[in-house]
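Have a look at my_file19.txt; it's compact mmCIF, C-alpha atoms:
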# COMPACT_ATOMS: atom_id res chain seq x y z
CA MET G 1 17.08 8.24 -12.28
CA ALA G 2 14.93 5.18 -12.89
CA ASP G 3 14.87 3.32 -16.18
CA TRP G 4 11.28 4.01 -17.19
CA GLU G 5 11.10 1.74 -20.27
CA PRO G 6 10.70 -1.60 -18.40
CA LEU G 7 8.10 0.04 -16.19
CA ARG G 8 6.21 1.25 -19.24
CA ASP G 9 6.08 -2.32 -20.62
CA LEU G 10 4.77 -3.76 -17.36
CA ALA G 11 2.23 -1.00 -16.80
CA GLN G 12 0.80 -1.57 -20.28
CA ARG G 13 -0.05 -5.13 -19.26
CA VAL G 14 -1.97 -3.90 -16.22
CA VAL G 15 -3.93 -0.86 -17.38
CA PRO G 16 -4.59 0.90 -20.65
CA PRO G 17 -2.26 3.73 -19.69
CA ASP G 18 -1.27 7.15 -20.72
CA PHE G 19 1.98 6.15 -19.09
CA ASP G 20 3.94 9.25 -20.08
CA SER G 21 1.50 11.42 -18.15
CA LEU G 22 1.68 9.08 -15.14
CA VAL G 23 5.47 9.28 -15.10
CA SER G 24 5.21 13.05 -15.40
CA THR G 25 2.87 13.14 -12.42
CA ALA G 26 5.25 11.04 -10.38
CA ARG G 27 8.20 13.25 -11.27
CA ARG G 28 6.31 16.47 -10.45
CA ARG G 29 5.36 15.13 -7.05
CA GLN G 30 8.84 13.73 -6.57
CA ARG G 31 10.36 17.17 -7.08
CA ARG G 32 7.77 18.81 -4.85
CA THR G 33 8.06 16.41 -1.91
CA GLY G 34 11.54 14.97 -2.20
CA ILE G 35 10.27 11.42 -2.67
CA ALA G 36 12.84 8.64 -2.93
CA VAL G 37 13.18 7.56 -6.56
CA GLY G 38 13.16 3.89 -5.59
CA ALA G 39 9.77 4.14 -3.90
CA VAL G 40 8.19 5.88 -6.88
CA THR G 41 9.68 3.38 -9.32
CA ALA G 42 8.48 0.47 -7.22
CA LEU G 43 4.88 1.59 -7.13
CA LEU G 44 4.79 2.50 -10.79
CA LEU G 45 5.12 -1.22 -11.49
CA VAL G 46 1.44 -1.90 -10.92
CA GLY G 47 -0.63 1.24 -11.03
CA GLY G 48 1.46 3.74 -12.89
CA GLY G 49 2.04 7.07 -11.21
CA ILE G 50 1.39 5.95 -7.66
CA VAL G 51 3.35 8.12 -5.24
CA VAL G 52 4.74 7.49 -1.77
CA SER G 53 5.42 10.58 0.33
CA THR G 54 8.25 9.79 2.76
CA VAL G 55 9.57 13.15 3.91
CA ASP G 56 9.96 14.39 7.47
CA ASP G 57 9.83 17.97 8.74
CA HIS G 58 13.57 18.35 8.18
CA GLY G 59 13.51 17.23 4.54
CA GLY G 60 15.00 13.80 5.22
CA ALA G 61 13.54 10.48 4.11
CA ILE G 62 11.74 8.56 6.84
CA GLN G 63 12.09 4.79 6.72
CA PRO G 64 9.55 2.58 8.51
CA ALA G 65 10.99 1.00 11.64
CA LYS G 66 11.74 -2.64 10.96
CA ALA G 67 13.07 -5.53 13.00
CA PRO G 68 16.47 -7.02 12.20
CA PRO G 69 16.41 -9.63 9.40
CA THR G 70 14.90 -12.91 10.53
CA SER G 71 17.16 -15.93 10.50
CA PRO G 72 15.72 -18.94 8.62
CA SER G 73 16.35 -21.03 11.75
CA ASP G 74 13.89 -18.83 13.66
CA LEU G 75 11.02 -19.56 11.28
CA PRO G 76 8.49 -22.40 11.10
CA ALA G 77 8.98 -25.01 8.42
CA GLY G 78 7.89 -23.71 5.01
CA VAL G 79 8.13 -20.03 5.96
CA LEU G 80 10.85 -17.93 4.33
CA PRO G 81 12.44 -14.63 5.34
CA LEU G 82 12.62 -11.78 2.89
CA PRO G 83 15.98 -12.01 1.10
CA PRO G 84 18.60 -9.59 2.41
CA HIS G 85 19.34 -6.59 0.25
CA GLY G 86 21.67 -3.65 0.19
CA PRO G 87 20.68 0.03 0.30
CA ASP G 88 20.57 0.20 -3.51
CA GLU G 89 18.68 -3.10 -3.96
CA ASN G 90 15.09 -2.02 -3.41
CA PRO G 91 12.83 -3.65 -4.61
CA VAL G 92 13.56 -7.34 -4.06
CA SER G 93 12.13 -9.95 -6.46
CA LEU G 94 10.60 -12.98 -4.77
CA ALA G 95 9.92 -16.52 -5.87
CA ALA G 96 6.52 -17.97 -5.01
CA GLY G 97 6.30 -19.05 -1.38
CA ARG G 98 5.23 -18.18 2.13
CA TYR G 99 7.18 -15.33 3.69
CA ARG G 100 7.46 -13.72 7.12
CA ILE G 101 7.47 -9.94 7.10
CA PRO G 102 8.15 -7.96 10.30
CA LEU G 103 5.88 -5.06 11.19
CA ASP G 104 8.18 -4.07 14.05
CA ASP G 105 10.38 -5.86 16.57
CA SER G 106 7.47 -7.66 18.24
CA LEU G 107 4.90 -8.34 15.51
CA ALA G 108 5.09 -9.90 12.04
CA PHE G 109 2.82 -11.50 9.49
CA ASP G 110 3.21 -14.55 7.27
CA VAL G 111 1.76 -14.41 3.76
CA ASP G 112 1.63 -16.59 0.62
CA LEU G 113 3.01 -14.69 -2.36
CA PRO G 114 2.67 -15.63 -6.03
CA THR G 115 5.60 -15.77 -8.40
CA ASP G 116 6.90 -12.45 -9.74
CA THR G 117 6.10 -10.59 -6.54
CA SER G 118 8.41 -7.72 -5.63
CA ALA G 119 8.92 -6.52 -2.06
CA HIS G 120 9.51 -2.82 -1.44
CA ASP G 121 10.59 -1.04 1.74
CA ASP G 122 11.21 -4.31 3.60
CA GLY G 123 7.81 -5.72 2.69
CA LEU G 124 5.68 -2.69 3.46
CA PHE G 125 4.56 -2.92 -0.18
CA LEU G 126 4.23 -6.28 -1.96
CA ALA G 127 3.60 -5.70 -5.66
CA THR G 128 2.26 -8.23 -8.17
CA ASP G 129 1.04 -7.65 -11.71
CA SER G 130 -2.49 -7.41 -10.29
CA PHE G 131 -2.27 -5.28 -7.15
CA ILE G 132 -0.13 -3.77 -4.41
CA LEU G 133 -0.54 -5.19 -0.91
CA LYS G 134 0.33 -2.72 1.84
CA THR G 135 0.36 -3.89 5.46
CA GLU G 136 1.33 -1.61 8.34
CA LEU G 137 0.79 -0.80 11.96
CA ALA G 138 -1.79 1.97 12.33
CA GLY G 139 -0.87 3.76 15.53
CA ASP G 140 -1.75 7.20 16.82
CA GLN G 141 -0.54 9.02 13.69
CA TYR G 142 -2.47 6.86 11.21
CA GLY G 143 -5.30 8.76 9.61
CA VAL G 144 -7.11 10.02 6.55
CA PRO G 145 -6.54 13.06 4.34
CA ARG G 146 -8.63 16.14 4.99
CA ASP G 147 -9.63 15.90 1.33
CA PRO G 148 -8.04 13.13 -0.78
CA CYS G 149 -8.02 15.40 -3.84
CA THR G 150 -7.29 18.94 -2.74
CA ASP G 151 -5.94 18.76 0.84
CA GLN G 152 -3.93 15.58 1.23
CA THR G 153 -2.62 16.26 4.74
CA ILE G 154 -3.08 13.13 6.86
CA VAL G 155 -5.14 13.80 10.00
CA PRO G 156 -5.06 11.20 12.82
CA THR G 157 -8.42 9.56 13.39
CA GLY G 158 -8.17 8.25 16.94
CA PRO G 159 -6.71 4.99 18.27
CA THR G 160 -9.44 2.39 17.78
CA VAL G 161 -10.61 0.29 14.85
CA ASP G 162 -14.02 1.96 15.06
CA ASP G 163 -12.45 5.44 14.98
CA LEU G 164 -10.70 4.66 11.72
CA VAL G 165 -13.69 2.89 10.19
CA GLN G 166 -15.90 5.91 10.88
CA ALA G 167 -13.37 8.21 9.20
CA LEU G 168 -13.07 5.94 6.19
CA THR G 169 -16.80 5.69 5.58
CA THR G 170 -17.09 9.50 5.37
CA LEU G 171 -13.95 10.04 3.28
CA PRO G 172 -14.56 12.47 0.36
CA ALA G 173 -14.03 11.23 -3.22
CA TYR G 174 -14.22 7.54 -2.31
CA GLN G 175 -17.21 5.26 -2.71
CA VAL G 176 -16.94 3.07 0.39
CA SER G 177 -19.01 -0.04 1.09
CA PRO G 178 -20.84 -0.57 4.39
CA PRO G 179 -18.45 -1.91 7.05
CA GLN G 180 -18.50 -5.65 7.62
CA PRO G 181 -17.07 -7.57 10.58
CA VAL G 182 -14.19 -9.79 9.53
CA ASP G 183 -11.58 -12.19 10.87
CA LEU G 184 -8.21 -12.22 9.14
CA GLY G 185 -5.02 -13.96 10.19
CA GLY G 186 -6.17 -14.59 13.72
CA ALA G 187 -7.34 -11.01 14.27
CA HIS G 188 -10.82 -9.51 14.37
CA GLY G 189 -11.76 -6.26 12.72
CA THR G 190 -13.69 -4.58 9.91
CA TYR G 191 -13.62 -4.94 6.13
CA LEU G 192 -14.38 -2.15 3.65
CA GLU G 193 -14.25 -1.91 -0.13
CA ALA G 194 -13.34 1.47 -1.59
CA ARG G 195 -13.59 2.73 -5.14
CA ILE G 196 -12.83 5.83 -7.15
CA PRO G 197 -14.63 5.45 -10.48
CA ALA G 198 -13.00 5.98 -13.86
CA GLY G 199 -15.13 9.05 -14.43
CA TYR G 200 -13.69 10.90 -11.42
CA ASP G 201 -11.91 14.08 -12.54
CA ASP G 202 -8.49 13.68 -10.92
CA THR G 203 -7.01 16.56 -12.97
CA LYS G 204 -8.29 18.93 -10.30
CA CYS G 205 -6.37 17.04 -7.60
CA ASP G 206 -2.97 17.82 -6.15
CA GLY G 207 -0.54 16.21 -8.58
CA SER G 208 -3.47 14.59 -10.44
CA ALA G 209 -3.53 11.95 -7.71
CA ILE G 210 -5.95 10.97 -4.94
CA GLN G 211 -4.60 10.26 -1.47
CA LEU G 212 -5.23 7.05 0.43
CA PRO G 213 -5.44 6.76 4.22
CA GLY G 214 -2.15 5.86 5.84
CA ASN G 215 0.69 6.85 8.13
CA PRO G 216 2.01 10.33 7.27
CA ASP G 217 5.45 8.96 6.30
CA THR G 218 4.14 6.18 4.03
CA ALA G 219 1.12 7.88 2.47
CA VAL G 220 0.24 6.63 -1.02
CA SER G 221 -1.67 8.43 -3.76
CA GLY G 222 -2.56 7.62 -7.33
CA PRO G 223 -4.88 8.38 -10.24
CA ALA G 224 -8.46 7.30 -10.88
CA PRO G 225 -9.80 4.70 -11.29
CA TYR G 226 -8.95 2.93 -8.05
CA THR G 227 -10.29 -0.18 -6.35
CA GLY G 228 -9.20 -1.20 -2.88
CA HIS G 229 -9.94 -3.81 -0.27
CA TRP G 230 -9.22 -2.56 3.25
CA TRP G 231 -9.02 -4.62 6.46
CA ILE G 232 -8.78 -2.65 9.73
CA LEU G 233 -7.77 -5.14 12.41
CA ASP G 234 -7.11 -5.38 16.13
CA VAL G 235 -4.09 -7.66 16.50
CA ASP G 236 -3.64 -8.33 20.23
CA GLY G 237 -4.52 -4.74 21.06
CA ARG G 238 -2.56 -3.18 18.18
CA ARG G 239 -4.29 -1.71 15.13
CA VAL G 240 -3.09 -3.02 11.77
CA VAL G 241 -4.35 -1.99 8.33
CA VAL G 242 -4.09 -4.24 5.27
CA GLN G 243 -4.77 -2.58 1.90
CA GLN G 244 -5.07 -4.50 -1.37
CA ASN G 245 -4.81 -1.63 -3.85
CA CYS G 246 -5.25 -1.58 -7.60
CA TRP G 247 -5.12 1.46 -9.88
CA GLY G 248 -6.68 1.21 -13.31
CA CYS G 249 -8.30 -2.19 -12.85
CA SER G 250 -11.92 -3.14 -12.46
CA LYS G 251 -13.41 -4.67 -9.33
CA ASP G 252 -13.80 -7.95 -11.21
CA ALA G 253 -10.14 -7.95 -12.21
CA LEU G 254 -9.07 -7.41 -8.61
CA ASP G 255 -11.44 -10.15 -7.40
CA ARG G 256 -9.95 -12.57 -9.95
CA GLY G 257 -6.42 -11.86 -8.74
CA PRO G 258 -4.53 -13.98 -6.20
CA GLN G 259 -6.35 -14.04 -2.86
CA THR G 260 -3.15 -13.09 -1.09
CA PRO G 261 -4.69 -11.27 1.92
CA ALA G 262 -6.67 -14.38 2.88
CA SER G 263 -3.37 -16.20 3.48
CA ILE G 264 -2.11 -13.70 6.08
CA THR G 265 -1.52 -14.82 9.65
CA PHE G 266 -0.13 -12.54 12.37
CA THR G 267 2.41 -13.73 14.90
CA ARG G 268 4.17 -12.27 17.93
CA THR G 269 7.93 -12.24 17.55
CA GLY G 270 9.02 -10.56 20.77
Show me this structure written as structure tokens.
Amino acid sequence: MADWEPLRDLAQRVVPPDFDSLVSTARRRQRRTGIAVGAVTALLLVGGGIVVSTVDDHGGAIQPAKAPPTSPSDLPAGVLPLPPHGPDENPVSLAAGRYRIPLDDSLAFDVDLPTDTSAHDDGLFLATDSFILKTELAGDQYGVPRDPCTDQTIVPTGPTVDDLVQALTTLPAYQVSPPQPVDLGGAHGTYLEARIPAGYDDTKCDGSAIQLPGNPDTAVSGPAPYTGHWWILDVDGRRVVVQQNCWGCSKDALDRGPQTPASITFTRTG
């Protein structure tokens, strides 16, 4: 079981928490869904009580498909691979620098990370003391919950950027900004800002947490308040979603944080 005391100390620097209740929420959902302890611990670092559901129909943990570790000799000058780690060494602490993170065996992204960043699940989640950056391919199974509070089953939205944008703008519980065209990392797409205000009653929600859009095997949920920046991108014909998520912080606090998403560039690797 995780050592909760260091997580309590870090969470108190990020939000004014009732951290005991957040841990309790995480543990309840962990028992109910069979969540990996490491994933829960990782995401408690920033928001407190954020949950990753990674369970397949047979009760086994599903791990995102990742390319083999990149050799430093394969990378451009100044770009670093994620450090190798063993099965019990998740998350990985990173020094400040520019890193290449595979999305699969043919697509990766490079990103500038501040000091004290931790990488979880081979870079699917990049956690700082300000936010969690989640970047993933959004294929046919990517979707939105039927209801982010009471029915958190992920329903696929269709294959295009516009399909997903339309579903996001009508998502219950969230206050979503009008879609804006955007270019990020060499890809074109749509930008949205999403909020769940502090006054939202999340006690009525499943596990006292509100579900985010995502792939069914990497779905993330957490308590109110929430502020998120979402980029839905077409990267050479493949849909990619970048989420900059923050639980318990104000929009201004998130805007003052490191502008990490702006440093992303996508690259073909195969």
Where is the centre and how long are the edges: axis-aligned box on range 75-89 of chain G, 4 Å on each side, Å to one decimal, as lines of an AutoDock Vina configuration file:
center_x = 14.8
center_y = -12.4
center_z = 3.7
size_x = 21.8
size_y = 33.2
size_z = 23.2
Enumerate, in order of chain and increasing residue number, the residues of range 54-172 of chain G with an atom no farther than 9 Å from range 186-200 of chain G, each with its shortest atom pair and distance in Å to one decimal, counting all atoms listed in the file, as CSV.
residue,atom,partner,partner_atom,distance
G:Val161,CA,G:Gly189,CA,7.0
G:Asp162,CA,G:Thr190,CA,8.3
G:Val165,CA,G:Thr190,CA,7.5
G:Leu168,CA,G:Leu192,CA,8.6
G:Thr169,CA,G:Leu192,CA,8.4
Discussion item. From the options G:Val240, G:Ala77, G:Leu126, G:Cys246, which residue's atoms come nearest to Asp104 in chain G, counting all atoms listed in the file?
Written reply: G:Val240
Worksheet entry | Closest of G:Gln166, G:Ser106, G:Thr128, G:Thr135 to Pro261 in chain G - atom-to-atom distances counting only C-alpha atoms | G:Thr135
Fill in: Nearest-residue call for Ala253 in chain G, choices G:Thr160, G:Arg98, G:Arg146, G:Phe131, using all atoms listed in the file
G:Phe131
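Shell of Leu94 in chain G at 10 Å, with all atoms listed in the file counted and residues fewer than 3 places along the chain excluded, is Leu82, Pro83, Pro91, Gly97, Tyr99, Leu113, Pro114, Thr115, Asp116, Thr117, Ser118, Ala119 and Leu126 of chain G.
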Fill in: Which of G:Asp202, G:Trp230, G:Gly214, G:Gly207 sits closest to Val176 in chain G [using all atoms listed in the file]
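Ranking G:Asp202, G:Trp230, G:Gly214, G:Gly207 by distance to Val176 in chain G, first place goes to G:Trp230.
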